[in-house]
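Colleague: This structure is in structure tokens; I'll ask about it shortly.
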Amino acid sequence: MKAMYYDAFERMPEIRTLPDPVPTENGVVVKVEATGLCRSDWHGWMGHDPDIRLPHVPGHELAGTIAAAGRGVLRYRIGDRVTVPFVSGCGRCFECRSGNSQVCEAQFQPGFTHWGSFAEYVAIDFADQNLVRLPESMDFATAASLGCRFATSFRAVVDQARVQGGEWVAVHGCGGVGLSAIMIAAALGANPIAIDISAEKLDLARKLGAVAAIDGRVTQDVASAVREITRGGAHVSLDALGSPVTCFNSISNLRRRGRHVQVGLMLAEHATPQIPMAQVIGHELEIYGSHGMQAWRYDAMLAMITSGKLNPRQLIGREISLDEAVPALAAMDRAIDLGISVITRF
């Protein structure tokens, strides 16, 4: 198979021909039709993820058709159109049995713990527990865009933050995660506020449902600006970027008993950000993480998409080839693209 490959962190990846994967007894091999390019892939390439063992094939947001299946797979067959959460569960541990495979004790992550989807084929373990069957009406590029950013945002907004209609929701960072959160919060009847340092991204955020926008380049005190717009602070705030500044602002701009959700990864030198703990205690704030979404929860998200309440296709900025993805991956820390880049040509 053709695949993106690197054998050293921070060294430019190459496109190589590698052996096709073989399914495990309870796994499948998916022919990749589309796979999203995500900042998490950049973190992995930089060496920020301890689960990656070199050499490596990245990629974790994927959609395609089943090309081969192990003898133990019961619910799926060759030719099925599928996607998979980027955090997949073993199906046997306590967390999986309680319905929380997104924090599985032995989680399987294509593109991190195993070779990923920047390739023509990818192997997926524990298929019956983790695969999600796609609606026939959904194209593969849209399905791939759900795998990490959109699904993670859906869980962050709907399940972790418990957003309700009429609430103010501040979203710090308008990349793929932030724009997804804004769209989902607006669909729930909430009032999203977009915060970013890009005027173009803020304009797109408004088109996706943001009722207000704050440009961090010209606003000296972002938290005060949010409190002024909301007359007291956001009910919910999400750090969709993952930096000490956005994390601090997201907690600081909450009203009393507000809920902060950390969605953006905090790795390397950003792993231990400063938190206004006196405010957390005195205002009884709630702080949550959001790490992917269980396969069984995809039904609720897919129902909102097929009904027209959500349109993740609007978040796709461009479709690129596997060759074009090499320089795009290396430049993700300084990318200014609007929307999500999806690999659709191999």
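So you can find residues: chains in the structure tokens are A, B, ... in the order shown, residues in each start at 1, and ligands are numbered from 1 in order.
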Residues of segment 98-304 of chain A in strand (DSSP E or B) according to DSSP, as a VMD selection string?
Modeller: chain A and resid 108 110 114 119 121 to 124 132 to 133 168 to 172 191 to 196 212 to 215 234 to 239 254 to 262 286 to 289
Colleague: Under the rule of at most 10 Å, produce a per-residue listing of segment 31-146 of chain A near segment 253-270 of chain A: chain, number, name, the closest pair of atoms, and the distance in Å, as a tab-separated table, using only C-alpha atoms.
Modeller:
residue	atom	partner	partner_atom	distance
A:Arg39	CA	A:Leu265	CA	9.1
A:Ser40	CA	A:Leu265	CA	7.8
A:His43	CA	A:Leu267	CA	8.0
A:Met46	CA	A:Ala268	CA	9.7
A:Gly47	CA	A:Ala268	CA	8.9
A:His48	CA	A:Ala268	CA	5.9
A:Asp49	CA	A:Leu267	CA	8.1
Colleague: Give me every alpha helix (DSSP H) residue in segment 104-280 of chain A, going by DSSP on the backbone, as an MDAnalysis selection string.
Modeller: chainID A and resid 127:130 140:145 151:154 176:187 199:207 222:230 244:252 277:280
Colleague: So, counting only C-alpha atoms, which residue among A:Gly36, A:Pro110, A:Pro192, A:Pro135 is closest to Gly89 of chain A?
Modeller: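 Counting only C-alpha atoms, the residue closest to Gly89 of chain A is A:Pro110.
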Colleague: Please identify all polymer residues within 12 Å of Ala143 of chain A, counting only C-alpha atoms, omitting same-chain residues fewer than 6 positions from it, and present them as a short mmCIF file (atom, residue, chain, number, x, y, z; two decimals) with N, CA, C and O atoms, in the first residue's frame.
Modeller:
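Result saved to result-v4.cif:
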data_model
loop_
_atom_site.label_atom_id
_atom_site.label_comp_id
_atom_site.auth_asym_id
_atom_site.auth_seq_id
_atom_site.Cartn_x
_atom_site.Cartn_y
_atom_site.Cartn_z
N VAL A 32 -9.16 3.01 2.92
CA VAL A 32 -9.37 4.40 3.30
C VAL A 32 -9.82 5.20 2.07
O VAL A 32 -9.11 5.27 1.07
N GLU A 33 -10.99 5.81 2.18
CA GLU A 33 -11.50 6.67 1.11
C GLU A 33 -11.26 8.14 1.43
O GLU A 33 -11.18 8.97 0.52
N ALA A 34 -11.16 8.47 2.72
CA ALA A 34 -10.90 9.85 3.13
C ALA A 34 -10.35 9.83 4.55
O ALA A 34 -10.73 8.99 5.36
N THR A 35 -9.44 10.77 4.84
CA THR A 35 -8.88 10.87 6.19
C THR A 35 -8.48 12.31 6.47
O THR A 35 -7.87 12.97 5.63
N GLY A 36 -8.87 12.81 7.62
CA GLY A 36 -8.65 14.21 7.97
C GLY A 36 -7.24 14.47 8.49
O GLY A 36 -6.62 13.60 9.12
N GLU A 61 -8.38 10.25 11.64
CA GLU A 61 -9.76 10.59 11.26
C GLU A 61 -10.02 9.93 9.91
O GLU A 61 -9.50 10.39 8.90
N LEU A 62 -10.83 8.91 9.88
CA LEU A 62 -10.93 8.13 8.65
C LEU A 62 -12.34 7.65 8.35
O LEU A 62 -13.17 7.52 9.25
N ALA A 63 -12.56 7.37 7.09
CA ALA A 63 -13.79 6.73 6.63
C ALA A 63 -13.45 5.92 5.40
O ALA A 63 -12.56 6.28 4.62
N GLY A 64 -14.15 4.81 5.22
CA GLY A 64 -13.87 3.97 4.06
C GLY A 64 -14.76 2.75 4.05
O GLY A 64 -15.83 2.72 4.68
N THR A 65 -14.32 1.73 3.33
CA THR A 65 -15.08 0.48 3.22
C THR A 65 -14.24 -0.67 3.75
O THR A 65 -13.01 -0.68 3.62
N ARG A 81 -19.69 0.47 4.59
CA ARG A 81 -19.15 1.82 4.70
C ARG A 81 -19.08 2.18 6.18
O ARG A 81 -20.10 2.19 6.87
N VAL A 82 -17.88 2.53 6.67
CA VAL A 82 -17.71 2.71 8.10
C VAL A 82 -16.78 3.88 8.42
O VAL A 82 -15.99 4.33 7.59
N THR A 83 -16.88 4.33 9.66
CA THR A 83 -15.88 5.19 10.28
C THR A 83 -15.60 4.62 11.66
O THR A 83 -16.18 3.59 12.05
N VAL A 84 -14.72 5.29 12.41
CA VAL A 84 -14.34 4.77 13.72
C VAL A 84 -13.92 5.94 14.61
O VAL A 84 -13.29 6.88 14.12
N PRO A 85 -14.29 5.94 15.89
CA PRO A 85 -13.77 6.98 16.79
C PRO A 85 -12.26 6.91 16.88
O PRO A 85 -11.68 5.81 16.81
N VAL A 132 -18.46 2.29 13.24
CA VAL A 132 -19.73 3.01 13.12
C VAL A 132 -20.16 2.92 11.66
O VAL A 132 -19.42 3.32 10.76
N ARG A 133 -21.35 2.39 11.43
CA ARG A 133 -21.86 2.27 10.06
C ARG A 133 -22.34 3.64 9.58
O ARG A 133 -23.05 4.34 10.30
N LEU A 134 -21.96 4.01 8.36
CA LEU A 134 -22.27 5.34 7.84
C LEU A 134 -23.59 5.36 7.09
O LEU A 134 -23.93 4.40 6.39
N PRO A 135 -24.33 6.46 7.20
CA PRO A 135 -25.52 6.63 6.36
C PRO A 135 -25.12 6.65 4.89
O PRO A 135 -24.08 7.19 4.52
N GLU A 136 -25.94 6.07 4.03
CA GLU A 136 -25.64 6.04 2.59
C GLU A 136 -25.56 7.44 2.01
O GLU A 136 -24.86 7.68 1.02
N SER A 137 -26.26 8.39 2.62
CA SER A 137 -26.29 9.76 2.10
C SER A 137 -25.03 10.55 2.44
O SER A 137 -24.85 11.66 1.91
N ARG A 149 -12.27 15.79 15.55
CA ARG A 149 -12.67 17.14 15.96
C ARG A 149 -14.17 17.27 16.17
O ARG A 149 -14.62 17.78 17.21
N PHE A 150 -14.97 16.83 15.21
CA PHE A 150 -16.41 17.04 15.33
C PHE A 150 -17.01 16.16 16.43
O PHE A 150 -17.80 16.63 17.25
N ALA A 151 -16.62 14.89 16.46
CA ALA A 151 -17.15 13.99 17.49
C ALA A 151 -16.70 14.42 18.88
O ALA A 151 -17.49 14.40 19.84
N TYR A 298 -22.42 7.91 18.49
CA TYR A 298 -22.47 8.46 17.14
C TYR A 298 -23.90 8.54 16.60
O TYR A 298 -24.21 9.39 15.78
N MET A 301 -25.38 11.97 17.10
CA MET A 301 -24.75 12.96 16.24
C MET A 301 -25.16 12.76 14.78
O MET A 301 -25.51 13.73 14.09
N LEU A 302 -25.16 11.52 14.31
CA LEU A 302 -25.54 11.24 12.93
C LEU A 302 -27.01 11.60 12.67
O LEU A 302 -27.36 12.05 11.58
N ILE A 305 -27.17 15.20 12.00
CA ILE A 305 -26.60 15.51 10.69
C ILE A 305 -27.58 15.15 9.58
O ILE A 305 -27.86 15.96 8.68
N THR A 306 -28.14 13.94 9.62
CA THR A 306 -29.04 13.52 8.56
C THR A 306 -30.35 14.31 8.56
O THR A 306 -30.99 14.45 7.52
N ASN A 311 -24.37 20.48 9.84
CA ASN A 311 -23.83 20.30 8.49
C ASN A 311 -22.31 20.37 8.54
O ASN A 311 -21.70 21.38 8.19
N PRO A 312 -21.66 19.27 8.98
CA PRO A 312 -20.19 19.30 9.11
C PRO A 312 -19.47 19.50 7.78
O PRO A 312 -18.29 19.86 7.78
N ARG A 313 -20.15 19.28 6.67
CA ARG A 313 -19.52 19.51 5.37
C ARG A 313 -19.05 20.96 5.24
O ARG A 313 -18.06 21.24 4.56
N LEU A 315 -17.48 22.59 7.29
CA LEU A 315 -16.21 22.77 7.99
C LEU A 315 -15.01 22.31 7.17
O LEU A 315 -13.88 22.53 7.56
N ILE A 316 -15.25 21.65 6.05
CA ILE A 316 -14.15 21.17 5.22
C ILE A 316 -13.62 22.30 4.37
O ILE A 316 -14.36 22.91 3.58
N VAL A 342 -8.86 17.50 4.23
CA VAL A 342 -9.16 16.08 4.18
C VAL A 342 -8.44 15.46 3.00
O VAL A 342 -8.52 15.96 1.87
N THR A 344 -8.27 12.93 0.22
CA THR A 344 -9.24 12.11 -0.53
C THR A 344 -8.63 11.47 -1.76
O THR A 344 -9.32 10.75 -2.48
#
Colleague: Would you pick out the contacts of Lys201 of chain A at 8 Å or less, using only C-alpha atoms, so that residues sharing its chain but fewer than 6 positions from it are not included, and give the list as an MDAnalysis selection string?
Modeller: chainID A and resid 174:175 338
Colleague: If we count only C-alpha atoms and set the cut-off at 8 Å, which residues sit around Asp196 of chain A, ignoring sequence neighbours fewer than 4 positions away in its own chain? Please answer as a list in words.
Modeller: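 The residues that qualify are His172, Gly173, Cys174, Lys201, Leu202, Ile214, Asp215 and Gly216 of chain A.
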Colleague: Generate a file of the selected residues that holds N, CA and C atoms, formatted as a PDB file, in the first residue's frame.
Modeller:
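Saved file again_12.pdb follows:
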ATOM      1  N   HIS A 172     -12.907  29.239  22.678  1.00  0.00           N
ATOM      2  CA  HIS A 172     -11.588  29.833  22.499  1.00  0.00           C
ATOM      3  C   HIS A 172     -10.807  29.033  21.457  1.00  0.00           C
ATOM      4  N   GLY A 173     -10.636  29.608  20.275  1.00  0.00           N
ATOM      5  CA  GLY A 173      -9.956  28.941  19.181  1.00  0.00           C
ATOM      6  C   GLY A 173     -10.947  28.480  18.132  1.00  0.00           C
ATOM      7  N   CYS A 174     -10.792  28.960  16.909  1.00  0.00           N
ATOM      8  CA  CYS A 174     -11.743  28.644  15.836  1.00  0.00           C
ATOM      9  C   CYS A 174     -11.098  27.813  14.730  1.00  0.00           C
ATOM     10  N   LYS A 201     -11.260  33.506  10.316  1.00  0.00           N
ATOM     11  CA  LYS A 201     -11.885  32.432  11.098  1.00  0.00           C
ATOM     12  C   LYS A 201     -13.073  32.951  11.900  1.00  0.00           C
ATOM     13  N   LEU A 202     -12.978  34.157  12.397  1.00  0.00           N
ATOM     14  CA  LEU A 202     -14.104  34.739  13.128  1.00  0.00           C
ATOM     15  C   LEU A 202     -15.289  34.990  12.203  1.00  0.00           C
ATOM     16  N   ILE A 214     -14.774  37.792  19.250  1.00  0.00           N
ATOM     17  CA  ILE A 214     -13.739  38.580  19.921  1.00  0.00           C
ATOM     18  C   ILE A 214     -12.404  38.283  19.248  1.00  0.00           C
ATOM     19  N   ASP A 215     -11.741  39.324  18.781  1.00  0.00           N
ATOM     20  CA  ASP A 215     -10.431  39.189  18.151  1.00  0.00           C
ATOM     21  C   ASP A 215      -9.359  39.350  19.232  1.00  0.00           C
ATOM     22  N   GLY A 216      -8.674  38.254  19.535  1.00  0.00           N
ATOM     23  CA  GLY A 216      -7.684  38.282  20.599  1.00  0.00           C
ATOM     24  C   GLY A 216      -6.475  39.152  20.309  1.00  0.00           C
TER      25      GLY A 216
END
Colleague: Which polymer residues have any atom within 12 Å of an atom of Leu204 of chain A, counting only C-alpha atoms, with same-chain residues fewer than 6 positions away left out, as a list in words?
Modeller: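 Result of the neighbour search: Cys174, Gly175, Gly176, Gly178, Leu179, Ser180, Ile182, Met183, Ala194, Ile195, Asp196, Ser198, Ala210, Val211, Ala212, Ala213, Gln314, Leu315, Ile316, Gly317, Asp337, Leu338 and Gly339 of chain A.
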Colleague: With C-alpha atoms retained, could you export that selection as a PDB file, in the first residue's frame?
Modeller:
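As written to disk, again-v2.pdb reads:
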ATOM      1  CA  CYS A 174     -11.743  28.644  15.836  1.00  0.00           C
ATOM      2  CA  GLY A 175      -9.928  25.763  14.215  1.00  0.00           C
ATOM      3  CA  GLY A 176     -11.739  22.531  13.381  1.00  0.00           C
ATOM      4  CA  GLY A 178     -13.820  25.303  17.796  1.00  0.00           C
ATOM      5  CA  LEU A 179     -15.880  25.749  14.648  1.00  0.00           C
ATOM      6  CA  SER A 180     -17.491  22.353  15.259  1.00  0.00           C
ATOM      7  CA  ILE A 182     -19.885  26.646  17.624  1.00  0.00           C
ATOM      8  CA  MET A 183     -22.067  24.855  15.073  1.00  0.00           C
ATOM      9  CA  ALA A 194     -16.123  32.907  18.988  1.00  0.00           C
ATOM     10  CA  ILE A 195     -12.639  33.933  20.160  1.00  0.00           C
ATOM     11  CA  ASP A 196      -9.642  33.789  17.827  1.00  0.00           C
ATOM     12  CA  SER A 198      -7.849  35.435  12.777  1.00  0.00           C
ATOM     13  CA  ALA A 210     -21.611  32.550  16.568  1.00  0.00           C
ATOM     14  CA  VAL A 211     -23.641  35.497  17.886  1.00  0.00           C
ATOM     15  CA  ALA A 212     -20.534  37.474  18.843  1.00  0.00           C
ATOM     16  CA  ALA A 213     -16.831  37.394  18.055  1.00  0.00           C
ATOM     17  CA  GLN A 314     -19.338  23.281   5.881  1.00  0.00           C
ATOM     18  CA  LEU A 315     -16.213  22.773   7.987  1.00  0.00           C
ATOM     19  CA  ILE A 316     -14.155  21.166   5.223  1.00  0.00           C
ATOM     20  CA  GLY A 317     -11.741  23.708   3.832  1.00  0.00           C
ATOM     21  CA  ASP A 337      -6.228  27.498   6.376  1.00  0.00           C
ATOM     22  CA  LEU A 338      -9.925  27.924   7.008  1.00  0.00           C
ATOM     23  CA  GLY A 339     -11.672  24.694   7.872  1.00  0.00           C
TER      24      GLY A 339
END
Colleague: Looking at only C-alpha atoms, which of A:Leu238, A:Ala127, A:Val222, A:Ala187 is the one that sits closest to Val169 of chain A?
Modeller: A:Leu238
Colleague: Ranking A:Val30, A:Ala303, A:Ile343, A:Val57 by minimum distance to Asp7 of chain A and counting only C-alpha atoms, which one comes first?
Modeller: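 Ranked by minimum distance to Asp7 of chain A, first place goes to A:Val57.
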